[in-house]
Amino acid sequence: MTQAAVDVVEANGARIPALGLGTWELRGRTCARIVQQALRLGYRHIDTAEMYDNEREVGEGLRESGVKREQVFITTKIWQSHLAPRQLERSTKESLVRLRLSDVNLLLIHWPNPQIPLAETIGALCKMKTDGYARHIGISNFTVPLVEQAVQLATEPLVTNQIECHPYLDQSKVVAACRQHGLAVTAYSPIARGRAAGDKVLSTIGSQYGKTAGQISLRYLVQQGAVVIPRTARVERLSENIDIFDFALSETEMEEIRQLARPSGRVVDWGGAPEWD
Ligand SMILES: NC(=O)c1ccc[n+]([C@@H]2O[C@H](COP(=O)([O-])OP(=O)(O)OC[C@H]3O[C@@H](n4cnc5c(N)ncnc54)[C@H](OP(=O)(O)O)[C@@H]3O)[C@@H](O)[C@H]2O)c1
């Protein structure tokens, strides 16, 4: 099998492969198999979470792939209801047991929780790094004010904010806040849960390069310096989604794609999100 070359995003000391495999909703053997196939195709970054109920299978896929642990960047996330320090520590250790790893490359707070003081959560997250359970730490679904607070509170560098990012959503404010503090942006739902794959503007641009609309959506994000973590359960799409590092969109095309953003562009329900901004 040929292996694709993937760019790397550097952020506050971390080197994050610019493309990873999202694994939300991948379960059981399907998950283990797709993780294994992704790694064999050249993916070097897998995104999971305790909430996805698939860390065991992600670990299985990693071992079955034959790719060395040291070559793979594994991210997991601590769920919103486990952000009090003792629970955060317990959740982290349980994730590592399920993954059968001694540490993860990146440990994220999955969603902020206004019921628990952020100072306590960030303190506990930093401790997971200094205790050696996580090589890097970060946040997810943090708004601009929360990014600012988290950065002030952290005694260890935060390396990314994982947020919903695709052509239908203008995230420029939170992206600018991340940049200012040296955090990478990890774009989740980077093909808008499949919606971008059927987009006429994206497919017209793609036809110039022999690429699909889905690939253009991913390229648009990567070209802005984001890390993308598309999910698929299909092997042929694994190859398609990684094949985005051999061309570049023009500034005019980037601007055309930027125009697709709408205030109602979110595809992920923010029902459990904080009212802190
Ligand atoms: N931090 C958070 O709160 C958070 C929230 C949401 C997601 N995430 C992470 O981000 C990852 C990606 O986001 P997502 O799963 O919401 O959405 P996504 O990756 O934008 O879209 C996944 C959907 O698109 C389809 N798809 C994948 N590649 C395609 C292609 N090339 N052409 C056409 N359709 C394609 C997949 O179907 P098939 O399986 O049939 O290919 C699937 O239904 C998640 O898996 C998870 O790891 C994190």
# chains A, B, ... in the order shown; residues from 1 in each chain; ligands from 1

$ closest_atom_pairs --of "range 7-107 of chain A" --to "range 188-211 of chain A" --cutoff "12 Å" --atoms "only C-alpha atoms" --output "CSV"
residue,atom,partner,partner_atom,distance
A:Leu19,CA,A:Pro190,CA,10.5
A:Gly20,CA,A:Tyr188,CA,10.1
A:Leu21,CA,A:Tyr188,CA,10.2
A:Gly22,CA,A:Tyr188,CA,7.9
A:Thr23,CA,A:Tyr188,CA,10.8
A:Trp24,CA,A:Ser189,CA,10.0
A:Glu25,CA,A:Arg193,CA,11.8
A:Asp47,CA,A:Tyr188,CA,9.8
A:Thr48,CA,A:Tyr188,CA,11.7

$ residues_around --residues "Val174 in chain A" --least-positions-apart "5" --cutoff "10 Å" --atoms "only C-alpha atoms" --output "PyMOL selection string"
chain A and resi 141-147+161+163+179-180+185

$ residues_around --residues "Pro157 in chain A" --least-positions-apart "5" --cutoff "10 Å" --atoms "only C-alpha atoms" --output "CSV table (one decimal) with C-alpha atoms, in the first residue's frame"
chain,number,residue,atom,x,y,z
A,11,ALA,CA,2.0,24.4,18.5
A,12,ASN,CA,3.5,25.2,21.9
A,13,GLY,CA,5.9,22.3,21.7
A,14,ALA,CA,3.6,19.7,20.2
A,126,CYS,CA,-1.9,20.2,34.0
A,129,LYS,CA,0.9,16.2,32.0
A,136,HIS,CA,0.4,17.4,25.8
A,137,ILE,CA,-2.8,18.9,27.0
A,138,GLY,CA,-5.5,21.0,25.4
A,151,VAL,CA,-4.5,30.1,29.1
A,181,HIS,CA,-1.7,32.1,22.5
A,182,GLY,CA,0.1,29.7,20.2
A,183,LEU,CA,-2.6,27.0,20.3

$ residues_around --residues "range 69-75 of chain A" --least-positions-apart "5" --cutoff "7 Å" --atoms "only C-alpha atoms" --output "ChimeraX atom specification"
/A:44-48,104-107

$ closest_residue --among "A:Arg135, A:Arg86, A:Arg27, A:Lys173" --to "ligand 1" --atoms "only C-alpha atoms and all ligand atoms"
A:Arg27

$ select_by_dssp --residues "range 37-233 of chain A" --states "helix (DSSP H, G or I)" --output "PyMOL selection string"
chain A and resi 37-41+50-52+55-65+69-71+80-82+85-99+118-130+144-153+172-180+192-198+200-207+213-222

$ select_by_dssp --residues "range 16-240 of chain A" --states "strand (DSSP E)" --output "mmCIF file with all heavy atoms, in the first residue's frame"
data_model
loop_
_atom_site.group_PDB
_atom_site.id
_atom_site.type_symbol
_atom_site.label_atom_id
_atom_site.label_comp_id
_atom_site.auth_asym_id
_atom_site.auth_seq_id
_atom_site.Cartn_x
_atom_site.Cartn_y
_atom_site.Cartn_z
ATOM 1 N N ILE A 16 1.758 18.052 15.786
ATOM 2 C CA ILE A 16 0.497 17.329 15.581
ATOM 3 C C ILE A 16 0.311 17.037 14.090
ATOM 4 O O ILE A 16 0.292 17.978 13.280
ATOM 5 C CB ILE A 16 -0.710 18.162 16.083
ATOM 6 C CG1 ILE A 16 -0.437 18.731 17.489
ATOM 7 C CG2 ILE A 16 -1.988 17.339 16.046
ATOM 8 C CD1 ILE A 16 -1.521 19.688 17.988
ATOM 9 N N PRO A 17 0.177 15.770 13.698
ATOM 10 C CA PRO A 17 -0.102 15.493 12.281
ATOM 11 C C PRO A 17 -1.359 16.255 11.842
ATOM 12 O O PRO A 17 -2.383 16.220 12.540
ATOM 13 C CB PRO A 17 -0.303 13.979 12.248
ATOM 14 C CG PRO A 17 0.475 13.478 13.433
ATOM 15 C CD PRO A 17 0.294 14.539 14.493
ATOM 16 N N LEU A 21 -7.681 10.702 12.102
ATOM 17 C CA LEU A 21 -8.954 10.003 11.895
ATOM 18 C C LEU A 21 -9.878 10.300 13.067
ATOM 19 O O LEU A 21 -9.540 10.004 14.215
ATOM 20 C CB LEU A 21 -8.713 8.488 11.803
ATOM 21 C CG LEU A 21 -9.984 7.633 11.714
ATOM 22 C CD1 LEU A 21 -10.679 7.817 10.360
ATOM 23 C CD2 LEU A 21 -9.674 6.155 11.957
ATOM 24 N N GLY A 22 -11.048 10.886 12.771
ATOM 25 C CA GLY A 22 -12.088 11.033 13.791
ATOM 26 C C GLY A 22 -12.752 9.685 14.011
ATOM 27 O O GLY A 22 -12.901 8.907 13.058
ATOM 28 N N HIS A 45 -2.474 9.884 13.258
ATOM 29 C CA HIS A 45 -3.154 10.645 14.304
ATOM 30 C C HIS A 45 -4.584 10.101 14.410
ATOM 31 O O HIS A 45 -5.281 10.017 13.406
ATOM 32 C CB HIS A 45 -3.121 12.128 13.875
ATOM 33 C CG HIS A 45 -3.897 13.070 14.725
ATOM 34 N ND1 HIS A 45 -3.939 14.425 14.445
ATOM 35 C CD2 HIS A 45 -4.658 12.911 15.824
ATOM 36 C CE1 HIS A 45 -4.676 15.035 15.346
ATOM 37 N NE2 HIS A 45 -5.134 14.132 16.193
ATOM 38 N N ILE A 46 -4.953 9.684 15.626
ATOM 39 C CA ILE A 46 -6.297 9.141 15.852
ATOM 40 C C ILE A 46 -6.947 9.939 16.979
ATOM 41 O O ILE A 46 -6.342 10.156 18.028
ATOM 42 C CB ILE A 46 -6.240 7.641 16.268
ATOM 43 C CG1 ILE A 46 -5.348 6.805 15.327
ATOM 44 C CG2 ILE A 46 -7.654 7.057 16.387
ATOM 45 C CD1 ILE A 46 -5.877 6.544 13.943
ATOM 46 N N ASP A 47 -8.190 10.334 16.744
ATOM 47 C CA ASP A 47 -8.931 11.128 17.734
ATOM 48 C C ASP A 47 -10.041 10.284 18.356
ATOM 49 O O ASP A 47 -10.948 9.836 17.660
ATOM 50 C CB ASP A 47 -9.547 12.349 17.038
ATOM 51 C CG ASP A 47 -10.313 13.228 18.015
ATOM 52 O OD1 ASP A 47 -9.669 14.063 18.664
ATOM 53 O OD2 ASP A 47 -11.541 13.059 18.142
ATOM 54 N N PHE A 73 0.071 9.606 16.897
ATOM 55 C CA PHE A 73 -0.370 10.657 17.813
ATOM 56 C C PHE A 73 -1.809 10.324 18.240
ATOM 57 O O PHE A 73 -2.732 10.351 17.427
ATOM 58 C CB PHE A 73 -0.323 11.999 17.069
ATOM 59 C CG PHE A 73 -0.483 13.211 17.933
ATOM 60 C CD1 PHE A 73 0.629 13.921 18.375
ATOM 61 C CD2 PHE A 73 -1.750 13.661 18.317
ATOM 62 C CE1 PHE A 73 0.490 15.054 19.166
ATOM 63 C CE2 PHE A 73 -1.896 14.793 19.106
ATOM 64 C CZ PHE A 73 -0.773 15.486 19.532
ATOM 65 N N ILE A 74 -1.958 9.976 19.510
ATOM 66 C CA ILE A 74 -3.283 9.570 20.004
ATOM 67 C C ILE A 74 -3.853 10.659 20.911
ATOM 68 O O ILE A 74 -3.221 11.061 21.890
ATOM 69 C CB ILE A 74 -3.199 8.255 20.823
ATOM 70 C CG1 ILE A 74 -2.538 7.130 20.016
ATOM 71 C CG2 ILE A 74 -4.573 7.852 21.355
ATOM 72 C CD1 ILE A 74 -3.447 6.389 19.085
ATOM 73 N N THR A 75 -5.061 11.088 20.564
ATOM 74 C CA THR A 75 -5.772 12.084 21.387
ATOM 75 C C THR A 75 -6.966 11.418 22.048
ATOM 76 O O THR A 75 -7.718 10.689 21.396
ATOM 77 C CB THR A 75 -6.323 13.225 20.491
ATOM 78 O OG1 THR A 75 -5.239 13.832 19.806
ATOM 79 C CG2 THR A 75 -7.057 14.269 21.322
ATOM 80 N N THR A 76 -7.162 11.692 23.353
ATOM 81 C CA THR A 76 -8.445 11.347 23.955
ATOM 82 C C THR A 76 -8.954 12.543 24.745
ATOM 83 O O THR A 76 -8.260 13.550 24.905
ATOM 84 C CB THR A 76 -8.406 10.051 24.785
ATOM 85 O OG1 THR A 76 -9.766 9.621 24.975
ATOM 86 C CG2 THR A 76 -7.731 10.207 26.135
ATOM 87 N N LYS A 77 -10.222 12.430 25.199
ATOM 88 C CA LYS A 77 -10.873 13.592 25.842
ATOM 89 C C LYS A 77 -11.630 13.152 27.085
ATOM 90 O O LYS A 77 -12.225 12.069 27.102
ATOM 91 C CB LYS A 77 -11.868 14.242 24.871
ATOM 92 C CG LYS A 77 -11.365 14.380 23.455
ATOM 93 C CD LYS A 77 -12.345 15.130 22.575
ATOM 94 C CE LYS A 77 -12.016 14.970 21.107
ATOM 95 N NZ LYS A 77 -12.441 13.688 20.523
ATOM 96 N N ILE A 78 -11.613 14.034 28.066
ATOM 97 C CA ILE A 78 -12.314 13.758 29.318
ATOM 98 C C ILE A 78 -13.702 14.382 29.251
ATOM 99 O O ILE A 78 -13.839 15.569 28.940
ATOM 100 C CB ILE A 78 -11.541 14.355 30.501
ATOM 101 C CG1 ILE A 78 -10.123 13.807 30.513
ATOM 102 C CG2 ILE A 78 -12.248 14.085 31.818
ATOM 103 C CD1 ILE A 78 -9.156 14.742 31.152
ATOM 104 N N VAL A 104 -1.083 9.218 26.614
ATOM 105 C CA VAL A 104 -1.606 9.662 25.314
ATOM 106 C C VAL A 104 -0.773 10.854 24.863
ATOM 107 O O VAL A 104 -0.129 11.513 25.676
ATOM 108 C CB VAL A 104 -3.101 10.064 25.367
ATOM 109 C CG1 VAL A 104 -4.004 8.851 25.395
ATOM 110 C CG2 VAL A 104 -3.403 11.026 26.507
ATOM 111 N N ASN A 105 -0.803 11.137 23.582
ATOM 112 C CA ASN A 105 -0.074 12.313 23.081
ATOM 113 C C ASN A 105 -0.793 13.590 23.460
ATOM 114 O O ASN A 105 -0.155 14.615 23.695
ATOM 115 C CB ASN A 105 0.081 12.216 21.561
ATOM 116 C CG ASN A 105 0.865 10.986 21.180
ATOM 117 O OD1 ASN A 105 0.326 9.879 21.205
ATOM 118 N ND2 ASN A 105 2.146 11.157 20.895
ATOM 119 N N LEU A 106 -2.118 13.511 23.502
ATOM 120 C CA LEU A 106 -2.893 14.721 23.782
ATOM 121 C C LEU A 106 -4.141 14.372 24.577
ATOM 122 O O LEU A 106 -4.900 13.470 24.207
ATOM 123 C CB LEU A 106 -3.276 15.382 22.437
ATOM 124 C CG LEU A 106 -4.051 16.681 22.472
ATOM 125 C CD1 LEU A 106 -3.305 17.770 23.251
ATOM 126 C CD2 LEU A 106 -4.315 17.180 21.051
ATOM 127 N N LEU A 107 -4.311 15.100 25.674
ATOM 128 C CA LEU A 107 -5.481 14.907 26.537
ATOM 129 C C LEU A 107 -6.269 16.216 26.544
ATOM 130 O O LEU A 107 -5.723 17.274 26.862
ATOM 131 C CB LEU A 107 -5.001 14.566 27.957
ATOM 132 C CG LEU A 107 -6.068 14.307 29.009
ATOM 133 C CD1 LEU A 107 -6.864 13.024 28.682
ATOM 134 C CD2 LEU A 107 -5.422 14.169 30.397
ATOM 135 N N LEU A 108 -7.559 16.115 26.180
ATOM 136 C CA LEU A 108 -8.379 17.333 26.064
ATOM 137 C C LEU A 108 -9.543 17.328 27.042
ATOM 138 O O LEU A 108 -10.091 16.261 27.359
ATOM 139 C CB LEU A 108 -8.978 17.430 24.649
ATOM 140 C CG LEU A 108 -8.037 17.447 23.450
ATOM 141 C CD1 LEU A 108 -8.863 17.543 22.157
ATOM 142 C CD2 LEU A 108 -7.065 18.605 23.535
ATOM 143 N N ILE A 109 -9.944 18.510 27.465
ATOM 144 C CA ILE A 109 -11.232 18.684 28.146
ATOM 145 C C ILE A 109 -12.266 18.708 27.021
ATOM 146 O O ILE A 109 -12.206 19.581 26.145
ATOM 147 C CB ILE A 109 -11.251 20.014 28.916
ATOM 148 C CG1 ILE A 109 -10.206 19.972 30.024
ATOM 149 C CG2 ILE A 109 -12.642 20.295 29.459
ATOM 150 C CD1 ILE A 109 -9.992 21.310 30.684
ATOM 151 N N ALA A 134 -0.086 12.304 30.035
ATOM 152 C CA ALA A 134 -0.335 12.959 28.737
ATOM 153 C C ALA A 134 0.907 13.737 28.342
ATOM 154 O O ALA A 134 1.471 14.459 29.157
ATOM 155 C CB ALA A 134 -1.515 13.908 28.852
ATOM 156 N N ARG A 135 1.307 13.574 27.090
ATOM 157 C CA ARG A 135 2.494 14.327 26.640
ATOM 158 C C ARG A 135 2.144 15.791 26.403
ATOM 159 O O ARG A 135 2.984 16.663 26.564
ATOM 160 C CB ARG A 135 3.046 13.705 25.366
ATOM 161 C CG ARG A 135 3.516 12.280 25.628
ATOM 162 C CD ARG A 135 4.128 11.636 24.408
ATOM 163 N NE ARG A 135 4.048 10.188 24.559
ATOM 164 C CZ ARG A 135 4.471 9.319 23.666
ATOM 165 N NH1 ARG A 135 5.023 9.742 22.546
ATOM 166 N NH2 ARG A 135 4.347 8.026 23.880
ATOM 167 N N HIS A 136 0.890 16.026 25.975
ATOM 168 C CA HIS A 136 0.413 17.393 25.763
ATOM 169 C C HIS A 136 -1.034 17.470 26.232
ATOM 170 O O HIS A 136 -1.726 16.453 26.287
ATOM 171 C CB HIS A 136 0.492 17.773 24.281
ATOM 172 C CG HIS A 136 1.881 17.704 23.733
ATOM 173 N ND1 HIS A 136 2.830 18.660 23.992
ATOM 174 C CD2 HIS A 136 2.488 16.764 22.965
ATOM 175 C CE1 HIS A 136 3.962 18.332 23.404
ATOM 176 N NE2 HIS A 136 3.786 17.170 22.774
ATOM 177 N N ILE A 137 -1.460 18.676 26.522
ATOM 178 C CA ILE A 137 -2.842 18.883 26.976
ATOM 179 C C ILE A 137 -3.498 20.000 26.164
ATOM 180 O O ILE A 137 -2.816 20.831 25.574
ATOM 181 C CB ILE A 137 -2.886 19.240 28.482
ATOM 182 C CG1 ILE A 137 -1.940 20.413 28.786
ATOM 183 C CG2 ILE A 137 -2.567 18.018 29.352
ATOM 184 C CD1 ILE A 137 -2.071 20.970 30.185
ATOM 185 N N GLY A 138 -4.832 19.994 26.171
ATOM 186 C CA GLY A 138 -5.545 21.030 25.432
ATOM 187 C C GLY A 138 -7.010 21.058 25.821
ATOM 188 O O GLY A 138 -7.438 20.402 26.783
ATOM 189 N N ILE A 139 -7.774 21.815 25.043
ATOM 190 C CA ILE A 139 -9.174 22.070 25.350
ATOM 191 C C ILE A 139 -10.018 21.819 24.101
ATOM 192 O O ILE A 139 -9.477 21.697 23.005
ATOM 193 C CB ILE A 139 -9.348 23.537 25.842
ATOM 194 C CG1 ILE A 139 -8.686 24.514 24.853
ATOM 195 C CG2 ILE A 139 -8.742 23.697 27.249
ATOM 196 C CD1 ILE A 139 -8.615 25.964 25.299
ATOM 197 N N SER A 140 -11.327 21.747 24.305
ATOM 198 C CA SER A 140 -12.219 21.543 23.167
ATOM 199 C C SER A 140 -13.530 22.272 23.437
ATOM 200 O O SER A 140 -14.005 22.283 24.585
ATOM 201 C CB SER A 140 -12.469 20.046 22.963
ATOM 202 O OG SER A 140 -13.360 19.833 21.882
ATOM 203 N N LEU A 158 -1.031 24.833 26.739
ATOM 204 C CA LEU A 158 -2.169 24.205 26.065
ATOM 205 C C LEU A 158 -1.814 24.203 24.581
ATOM 206 O O LEU A 158 -1.351 25.226 24.068
ATOM 207 C CB LEU A 158 -3.445 25.000 26.320
ATOM 208 C CG LEU A 158 -3.830 25.159 27.794
ATOM 209 C CD1 LEU A 158 -5.000 26.126 27.952
ATOM 210 C CD2 LEU A 158 -4.180 23.805 28.404
ATOM 211 N N VAL A 159 -2.018 23.086 23.902
ATOM 212 C CA VAL A 159 -1.529 23.029 22.519
ATOM 213 C C VAL A 159 -2.619 23.128 21.465
ATOM 214 O O VAL A 159 -2.326 23.422 20.311
ATOM 215 C CB VAL A 159 -0.623 21.796 22.265
ATOM 216 C CG1 VAL A 159 0.532 21.769 23.256
ATOM 217 C CG2 VAL A 159 -1.395 20.499 22.281
ATOM 218 N N THR A 160 -3.868 22.868 21.840
ATOM 219 C CA THR A 160 -4.927 23.011 20.827
ATOM 220 C C THR A 160 -6.265 23.304 21.462
ATOM 221 O O THR A 160 -6.487 23.038 22.652
ATOM 222 C CB THR A 160 -5.036 21.743 19.939
ATOM 223 O OG1 THR A 160 -5.698 22.073 18.708
ATOM 224 C CG2 THR A 160 -5.811 20.624 20.611
ATOM 225 N N ASN A 161 -7.151 23.888 20.664
ATOM 226 C CA ASN A 161 -8.568 23.983 20.989
ATOM 227 C C ASN A 161 -9.273 23.245 19.861
ATOM 228 O O ASN A 161 -9.184 23.647 18.694
ATOM 229 C CB ASN A 161 -9.002 25.450 21.050
ATOM 230 C CG ASN A 161 -10.450 25.634 21.510
ATOM 231 O OD1 ASN A 161 -11.057 24.713 22.074
ATOM 232 N ND2 ASN A 161 -10.988 26.825 21.289
ATOM 233 N N GLN A 162 -9.959 22.149 20.195
ATOM 234 C CA GLN A 162 -10.655 21.371 19.157
ATOM 235 C C GLN A 162 -12.080 21.910 19.045
ATOM 236 O O GLN A 162 -12.846 21.855 20.014
ATOM 237 C CB GLN A 162 -10.658 19.880 19.526
ATOM 238 C CG GLN A 162 -11.255 19.048 18.415
ATOM 239 C CD GLN A 162 -11.261 17.552 18.683
ATOM 240 O OE1 GLN A 162 -12.332 16.933 18.665
ATOM 241 N NE2 GLN A 162 -10.099 16.954 18.901
ATOM 242 N N ILE A 163 -12.404 22.432 17.877
ATOM 243 C CA ILE A 163 -13.707 23.104 17.687
ATOM 244 C C ILE A 163 -14.317 22.715 16.337
ATOM 245 O O ILE A 163 -13.612 22.269 15.441
ATOM 246 C CB ILE A 163 -13.556 24.647 17.736
ATOM 247 C CG1 ILE A 163 -12.464 25.118 16.749
ATOM 248 C CG2 ILE A 163 -13.236 25.120 19.161
ATOM 249 C CD1 ILE A 163 -12.373 26.623 16.598
ATOM 250 N N GLU A 164 -15.624 22.926 16.236
ATOM 251 C CA GLU A 164 -16.285 22.678 14.955
ATOM 252 C C GLU A 164 -15.760 23.682 13.927
ATOM 253 O O GLU A 164 -15.783 24.888 14.155
ATOM 254 C CB GLU A 164 -17.806 22.834 15.106
ATOM 255 C CG GLU A 164 -18.542 22.563 13.803
ATOM 256 C CD GLU A 164 -20.064 22.642 13.928
ATOM 257 O OE1 GLU A 164 -20.607 22.544 15.046
ATOM 258 O OE2 GLU A 164 -20.701 22.809 12.867
ATOM 259 N N ALA A 184 -2.880 25.452 18.487
ATOM 260 C CA ALA A 184 -3.385 25.023 17.182
ATOM 261 C C ALA A 184 -4.908 24.991 17.249
ATOM 262 O O ALA A 184 -5.492 24.973 18.338
ATOM 263 C CB ALA A 184 -2.857 23.630 16.860
ATOM 264 N N VAL A 185 -5.531 24.971 16.069
ATOM 265 C CA VAL A 185 -6.976 24.715 16.006
ATOM 266 C C VAL A 185 -7.141 23.334 15.386
ATOM 267 O O VAL A 185 -6.585 23.055 14.324
ATOM 268 C CB VAL A 185 -7.688 25.783 15.151
ATOM 269 C CG1 VAL A 185 -9.103 25.354 14.807
ATOM 270 C CG2 VAL A 185 -7.682 27.120 15.883
ATOM 271 N N THR A 186 -7.852 22.460 16.090
ATOM 272 C CA THR A 186 -8.183 21.162 15.514
ATOM 273 C C THR A 186 -9.632 21.249 15.059
ATOM 274 O O THR A 186 -10.524 21.535 15.864
ATOM 275 C CB THR A 186 -7.999 20.028 16.543
ATOM 276 O OG1 THR A 186 -6.651 20.056 17.010
ATOM 277 C CG2 THR A 186 -8.296 18.665 15.907
ATOM 278 N N ALA A 187 -9.840 21.051 13.760
ATOM 279 C CA ALA A 187 -11.164 21.226 13.166
ATOM 280 C C ALA A 187 -11.942 19.924 13.245
ATOM 281 O O ALA A 187 -11.598 18.947 12.574
ATOM 282 C CB ALA A 187 -11.017 21.662 11.713
ATOM 283 N N TYR A 188 -13.008 19.920 14.056
ATOM 284 C CA TYR A 188 -13.870 18.720 14.042
ATOM 285 C C TYR A 188 -15.048 18.944 13.110
ATOM 286 O O TYR A 188 -15.345 20.085 12.747
ATOM 287 C CB TYR A 188 -14.254 18.276 15.448
ATOM 288 C CG TYR A 188 -15.297 19.028 16.248
ATOM 289 C CD1 TYR A 188 -16.625 19.142 15.831
ATOM 290 C CD2 TYR A 188 -14.965 19.547 17.490
ATOM 291 C CE1 TYR A 188 -17.582 19.775 16.605
ATOM 292 C CE2 TYR A 188 -15.908 20.192 18.285
ATOM 293 C CZ TYR A 188 -17.233 20.301 17.825
ATOM 294 O OH TYR A 188 -18.165 20.927 18.602
ATOM 295 N N VAL A 227 -5.612 21.589 12.011
ATOM 296 C CA VAL A 227 -5.517 20.134 11.989
ATOM 297 C C VAL A 227 -6.935 19.640 11.686
ATOM 298 O O VAL A 227 -7.891 20.175 12.247
ATOM 299 C CB VAL A 227 -5.084 19.609 13.392
ATOM 300 C CG1 VAL A 227 -5.122 18.089 13.446
ATOM 301 C CG2 VAL A 227 -3.713 20.150 13.776
ATOM 302 N N VAL A 228 -7.096 18.671 10.793
ATOM 303 C CA VAL A 228 -8.443 18.163 10.478
ATOM 304 C C VAL A 228 -8.565 16.700 10.902
ATOM 305 O O VAL A 228 -7.609 15.932 10.779
ATOM 306 C CB VAL A 228 -8.780 18.305 8.966
ATOM 307 C CG1 VAL A 228 -8.895 19.765 8.571
ATOM 308 C CG2 VAL A 228 -7.753 17.589 8.077
#

$ atom_distance --atom1 "CA of Gln115 in chain A" --atom2 "CA of Ala84 in chain A"
9.5 Å

$ atom_distance --atom1 "CA of Gly265 in chain A" --atom2 "atom 16 (O, counted along the ligand's line) of ligand 1"
13.5 Å

$ residues_around --residues "Gln149 in chain A" --least-positions-apart "5" --cutoff "9 Å" --atoms "only C-alpha atoms" --output "list in words"
Leu118, Ala119, Val144 and Ala154 of chain A

$ residues_around --residues "range 245-258 of chain A" --least-positions-apart "2" --cutoff "8 Å" --atoms "only C-alpha atoms" --output "list of chain:residue names"
A:Ala5, A:Val6, A:Asp7, A:Pro167, A:Tyr168, A:Asp170, A:Val201, A:Leu202, A:Ile205, A:Tyr209, A:Arg219, A:Tyr220, A:Gln223, A:Ile242, A:Asp243, A:Leu260, A:Ala261

$ closest_residue --among "A:Leu125, A:Asp53, A:Arg262, A:Ser95" --to "ligand 1" --atoms "only C-alpha atoms and all ligand atoms"
A:Asp53
